[in-house]
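Undergrad: Once you've had a glance at the structure underneath, I'll fire off some questions.
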Amino acid sequence: DKPVVGIHSFSVNMKLEAVDPEAPFIISPATVTKVFDDKYFMIEIDDLRPDHTTSKSYVCHVNSAGYPGQDFDWADYLKQCGAEAASQSCFPLPNSDHGFKENMKLEAVNPQDPEEICVATITKVKDSYLWLQLESSKVPAHECIVSVESINIFPVGWCETNGYQLRPPRRGIVKNEFRELQSIQIGISD
């Protein structure tokens, strides 16, 4: 089954918040730079530092480059850019009726290394978005943010069923769980 691509109502120069593909743990201000049709559009992640004139294509709001801490203000930023904010009607309605909960395990594509599928833990759920901690990436990574409808998350066992390599959790995590299990077993046999 192919994912259904919804119809959007964005227009060029609208501002919005987006997850940065190069840093999928950051949400940043972004600009719609091109509208291809009623289903596809392009954005650039805004680089807000005064000494930079280039932008990256992402979504961001928290701790945006150029606005340390909580100093970022959308109203000021929109006025400075001479732009309009993307209306709430441009976005799908938040969906919290999906069944995901904190501490659930799943299998997820590592956004920093798309060839790698990792064991992941849901650390936060907000409407239609999940914050994931990848437990088995080659290099310890920040949490990443994905939509509940992402084609890059899978139920436990998906890799085995479909013949994909699942990267097991890093040894430190496995050892700690093994020690806890060992302690429980020792306590039972005493």
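Within each chain, counting starts at residue 1; across the structure tokens, chains are named A, B, ... in the order shown, with ligands numbered 1 upward in that order.
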Might you pull out every residue within 6 Å of segment 144-150 of chain A, with only C-alpha atoms counted and same-chain residues fewer than 2 positions away left off, and present them as a ChimeraX atom specification?
TA: /A:24-25,128-132,152
Undergrad: Produce a file of the selected residues containing N, CA, C and O atoms, as a PDB file, in the first residue's frame.
TA:
```pdb
ATOM      1  N   PRO A  24      17.227  15.868  12.823  1.00  0.00           N
ATOM      2  CA  PRO A  24      15.809  15.568  13.032  1.00  0.00           C
ATOM      3  C   PRO A  24      15.328  15.657  14.475  1.00  0.00           C
ATOM      4  O   PRO A  24      14.272  15.152  14.811  1.00  0.00           O
ATOM      5  N   PHE A  25      16.093  16.322  15.326  1.00  0.00           N
ATOM      6  CA  PHE A  25      15.700  16.556  16.705  1.00  0.00           C
ATOM      7  C   PHE A  25      15.439  18.041  16.921  1.00  0.00           C
ATOM      8  O   PHE A  25      15.209  18.480  18.024  1.00  0.00           O
ATOM      9  N   SER A 128       0.154  14.100  16.518  1.00  0.00           N
ATOM     10  CA  SER A 128       0.526  13.142  15.466  1.00  0.00           C
ATOM     11  C   SER A 128       2.026  12.915  15.373  1.00  0.00           C
ATOM     12  O   SER A 128       2.509  12.384  14.373  1.00  0.00           O
ATOM     13  N   TYR A 129       2.778  13.320  16.396  1.00  0.00           N
ATOM     14  CA  TYR A 129       4.236  13.223  16.323  1.00  0.00           C
ATOM     15  C   TYR A 129       4.807  12.397  17.468  1.00  0.00           C
ATOM     16  O   TYR A 129       4.308  12.428  18.585  1.00  0.00           O
ATOM     17  N   LEU A 130       5.892  11.682  17.138  1.00  0.00           N
ATOM     18  CA  LEU A 130       6.589  10.843  18.106  1.00  0.00           C
ATOM     19  C   LEU A 130       8.031  11.317  18.223  1.00  0.00           C
ATOM     20  O   LEU A 130       8.671  11.616  17.212  1.00  0.00           O
ATOM     21  N   TRP A 131       8.531  11.358  19.454  1.00  0.00           N
ATOM     22  CA  TRP A 131       9.949  11.596  19.689  1.00  0.00           C
ATOM     23  C   TRP A 131      10.545  10.218  19.940  1.00  0.00           C
ATOM     24  O   TRP A 131      10.090   9.495  20.831  1.00  0.00           O
ATOM     25  N   LEU A 132      11.549   9.844  19.142  1.00  0.00           N
ATOM     26  CA  LEU A 132      12.154   8.517  19.242  1.00  0.00           C
ATOM     27  C   LEU A 132      13.598   8.600  19.686  1.00  0.00           C
ATOM     28  O   LEU A 132      14.363   9.435  19.186  1.00  0.00           O
ATOM     29  N   ASN A 152       8.908   5.433   7.828  1.00  0.00           N
ATOM     30  CA  ASN A 152      10.203   5.033   8.383  1.00  0.00           C
ATOM     31  C   ASN A 152      10.108   4.448   9.787  1.00  0.00           C
ATOM     32  O   ASN A 152      11.127   4.314  10.468  1.00  0.00           O
TER      33      ASN A 152
END
```
Undergrad: Need the shell around Val35 of chain A: protein/DNA/RNA residues with any atom at most 10 Å away, counting only C-alpha atoms. Skip same-chain ones fewer than 3 positions apart. Format as a list in words?
TA: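 In the requested form, the answer reads His8, Ser9, Phe10, Ser11, Val12, Asn13, Val32, Asp38, Lys39, Tyr40, Phe41, Met42 and Ile43 of chain A.
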Undergrad: May I ask which of the residues A:Val125, A:Ala86, A:Cys118, A:Val156 is the closest one to Lys105 of chain A, counting only C-alpha atoms?
TA: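 Closest to Lys105 of chain A, using only C-alpha atoms: A:Val156.
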Undergrad: Counting only C-alpha atoms, figure out which residue out of A:Ala120, A:Ala75, A:Met14, A:Pro92 gets nearest to Ala108 of chain A.
TA: A:Ala120
